[in-house]
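Participant: This is the structure, below, for whatever I ask next.
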Amino acid sequence: MALPTDVGYRGPAACTAAGITYRQLDYWARTGLVEPSVRTGAHNAPLYSLPDILMLKVAKRLLDTGISLQQIRTAVDHLRGRPATDLSRITLMSDGVSVYECTSPDEVVDLMQRGQGMFGLALANVSRELEEALGVVPAEERADLPAAAPQVVDELAMRRRERRTG
């Protein structure tokens, strides 16, 4: 089942599909690891695209294996913006310190022959898992995104500003 690409997912749906907490999602967005690409801004709820959530899931899997956040950031930056067809051919391999991109079985074998323990993450499998998880959560179409919610007036903040300027 292929998911539509013209939709976005709110934070809780992205968290559920990627297997992360909302706190992780917020931190990773604030630090630029994976930011919502469908809709951002102070007045709109951010929406995450399918590739955004795939990167969240990859980051989570690498984190679970003990890879440092710095190495995860390098791997995600390397993968970001690649077409889905390219991503589905990639297997990420890690020795616990570094992350390597493999695009053929020969490259995987070469890494395995080094004699140290390796962890492999086939992005095609991660993508399939993600599609299954997102098939049961609500999405919002990009074309029908609701208008920005009315801004709540913070009377206390207004008074402070008036006092400073006036």
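Residues in the structure tokens are named by chain (A, B, ... in the order shown) and by number from 1 within that chain; ligands are numbered from 1 in the order shown.
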I'd like the neighbourhood of range 123-133 of chain A as a PyMOL selection string, where a residue qualifies if any of its atoms comes within 6 Å (using only C-alpha atoms), though same-chain residues fewer than 3 positions away should be ignored.

Facilitator: chain A and resi 17+88+90-91

Participant: Between range 27-71 of chain A and range 96-111 of chain A, at 8 Å or less, what are the per-residue closest atom pairs and their distances in Å? Count only C-alpha atoms, order by chain and rising residue number, and return it as a tab-separated table.

Facilitator:
```
residue	atom	partner	partner_atom	distance
A:Thr65	CA	A:Gly96	CA	7.2
A:Gly66	CA	A:Gly96	CA	6.4
A:Ile67	CA	A:Gly96	CA	5.6
A:Ser68	CA	A:Val97	CA	7.4
A:Gln71	CA	A:Ser98	CA	6.5
```

Participant: Please list as a VMD selection string every residue within 9 Å of range 20-32 of chain A, counting only C-alpha atoms and excluding residues in the same chain fewer than 2 positions away.

Facilitator: chain A and resid 11 to 12 14 to 18 34 to 36 56 to 57 60 73

Participant: Which one is closest to Arg114 in chain A: A:Asp77, A:Asn44, A:Ala84, A:Asp95? Count only C-alpha atoms.

Facilitator: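 Using only C-alpha atoms, Arg114 in chain A sits closest to A:Asp95.
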
Participant: Interatomic distance between CA of Met118 in chain A and CA of Met55 in chain A?

Facilitator: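 So the answer is 20.5 Å.
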
Participant: If DSSP is run on the backbone, what residues of range 74-114 of chain A are alpha helix (DSSP H)? A reply as a PyMOL selection string would be ideal.

Facilitator: chain A and resi 74-79+84-87+105-112

Participant: Go ahead and write the selection's residues with N, CA, C and O atoms as a PDB file, in the first residue's frame.

Facilitator:
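Saved result, out.pdb, follows:
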```
ATOM      1  N   THR A  74      24.754  13.185  11.126  1.00  0.00           N
ATOM      2  CA  THR A  74      25.519  13.061   9.883  1.00  0.00           C
ATOM      3  C   THR A  74      24.798  12.147   8.899  1.00  0.00           C
ATOM      4  O   THR A  74      24.682  12.471   7.713  1.00  0.00           O
ATOM      5  N   ALA A  75      24.299  11.006   9.381  1.00  0.00           N
ATOM      6  CA  ALA A  75      23.598  10.055   8.504  1.00  0.00           C
ATOM      7  C   ALA A  75      22.310  10.659   7.953  1.00  0.00           C
ATOM      8  O   ALA A  75      22.030  10.558   6.753  1.00  0.00           O
ATOM      9  N   VAL A  76      21.529  11.304   8.802  1.00  0.00           N
ATOM     10  CA  VAL A  76      20.260  11.906   8.363  1.00  0.00           C
ATOM     11  C   VAL A  76      20.528  13.032   7.369  1.00  0.00           C
ATOM     12  O   VAL A  76      19.847  13.143   6.340  1.00  0.00           O
ATOM     13  N   ASP A  77      21.526  13.861   7.639  1.00  0.00           N
ATOM     14  CA  ASP A  77      21.877  14.941   6.702  1.00  0.00           C
ATOM     15  C   ASP A  77      22.277  14.367   5.347  1.00  0.00           C
ATOM     16  O   ASP A  77      21.948  14.927   4.303  1.00  0.00           O
ATOM     17  N   HIS A  78      22.972  13.240   5.369  1.00  0.00           N
ATOM     18  CA  HIS A  78      23.412  12.585   4.137  1.00  0.00           C
ATOM     19  C   HIS A  78      22.219  12.044   3.335  1.00  0.00           C
ATOM     20  O   HIS A  78      22.225  12.083   2.108  1.00  0.00           O
ATOM     21  N   LEU A  79      21.194  11.567   4.036  1.00  0.00           N
ATOM     22  CA  LEU A  79      20.029  10.963   3.371  1.00  0.00           C
ATOM     23  C   LEU A  79      18.957  11.979   2.993  1.00  0.00           C
ATOM     24  O   LEU A  79      18.159  11.738   2.096  1.00  0.00           O
ATOM     25  N   ALA A  84      12.670   8.757  -2.849  1.00  0.00           N
ATOM     26  CA  ALA A  84      12.274   7.514  -2.188  1.00  0.00           C
ATOM     27  C   ALA A  84      12.857   6.291  -2.885  1.00  0.00           C
ATOM     28  O   ALA A  84      13.225   5.316  -2.232  1.00  0.00           O
ATOM     29  N   THR A  85      12.967   6.346  -4.208  1.00  0.00           N
ATOM     30  CA  THR A  85      13.529   5.199  -4.939  1.00  0.00           C
ATOM     31  C   THR A  85      14.988   4.974  -4.564  1.00  0.00           C
ATOM     32  O   THR A  85      15.433   3.834  -4.463  1.00  0.00           O
ATOM     33  N   ASP A  86      15.733   6.055  -4.335  1.00  0.00           N
ATOM     34  CA  ASP A  86      17.125   5.916  -3.894  1.00  0.00           C
ATOM     35  C   ASP A  86      17.194   5.357  -2.476  1.00  0.00           C
ATOM     36  O   ASP A  86      18.010   4.483  -2.182  1.00  0.00           O
ATOM     37  N   LEU A  87      16.340   5.889  -1.603  1.00  0.00           N
ATOM     38  CA  LEU A  87      16.354   5.455  -0.208  1.00  0.00           C
ATOM     39  C   LEU A  87      16.037   3.972  -0.072  1.00  0.00           C
ATOM     40  O   LEU A  87      16.615   3.284   0.770  1.00  0.00           O
ATOM     41  N   PRO A 105      24.559  -5.610  -2.183  1.00  0.00           N
ATOM     42  CA  PRO A 105      24.921  -6.700  -1.267  1.00  0.00           C
ATOM     43  C   PRO A 105      26.440  -6.854  -1.125  1.00  0.00           C
ATOM     44  O   PRO A 105      26.928  -7.199  -0.049  1.00  0.00           O
ATOM     45  N   ASP A 106      27.182  -6.558  -2.192  1.00  0.00           N
ATOM     46  CA  ASP A 106      28.639  -6.663  -2.122  1.00  0.00           C
ATOM     47  C   ASP A 106      29.223  -5.696  -1.090  1.00  0.00           C
ATOM     48  O   ASP A 106      30.163  -6.045  -0.361  1.00  0.00           O
ATOM     49  N   GLU A 107      28.683  -4.497  -1.035  1.00  0.00           N
ATOM     50  CA  GLU A 107      29.181  -3.516  -0.061  1.00  0.00           C
ATOM     51  C   GLU A 107      28.886  -3.979   1.367  1.00  0.00           C
ATOM     52  O   GLU A 107      29.720  -3.805   2.259  1.00  0.00           O
ATOM     53  N   VAL A 108      27.714  -4.590   1.568  1.00  0.00           N
ATOM     54  CA  VAL A 108      27.368  -5.113   2.897  1.00  0.00           C
ATOM     55  C   VAL A 108      28.353  -6.214   3.278  1.00  0.00           C
ATOM     56  O   VAL A 108      28.886  -6.234   4.394  1.00  0.00           O
ATOM     57  N   VAL A 109      28.613  -7.127   2.351  1.00  0.00           N
ATOM     58  CA  VAL A 109      29.548  -8.230   2.610  1.00  0.00           C
ATOM     59  C   VAL A 109      30.942  -7.692   2.920  1.00  0.00           C
ATOM     60  O   VAL A 109      31.610  -8.165   3.852  1.00  0.00           O
ATOM     61  N   ASP A 110      31.397  -6.705   2.159  1.00  0.00           N
ATOM     62  CA  ASP A 110      32.711  -6.115   2.405  1.00  0.00           C
ATOM     63  C   ASP A 110      32.823  -5.575   3.830  1.00  0.00           C
ATOM     64  O   ASP A 110      33.839  -5.778   4.500  1.00  0.00           O
ATOM     65  N   LEU A 111      31.793  -4.897   4.284  1.00  0.00           N
ATOM     66  CA  LEU A 111      31.816  -4.368   5.652  1.00  0.00           C
ATOM     67  C   LEU A 111      31.801  -5.493   6.677  1.00  0.00           C
ATOM     68  O   LEU A 111      32.498  -5.432   7.693  1.00  0.00           O
ATOM     69  N   MET A 112      31.017  -6.523   6.418  1.00  0.00           N
ATOM     70  CA  MET A 112      30.909  -7.636   7.357  1.00  0.00           C
ATOM     71  C   MET A 112      32.228  -8.403   7.457  1.00  0.00           C
ATOM     72  O   MET A 112      32.551  -8.960   8.499  1.00  0.00           O
TER      73      MET A 112
END
```

Participant: Would you compute the distance between CA of Ser37 in chain A and CA of Leu54 in chain A? Give it in Å to one decimal.

Facilitator: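 These two atoms are separated by 12.5 Å.
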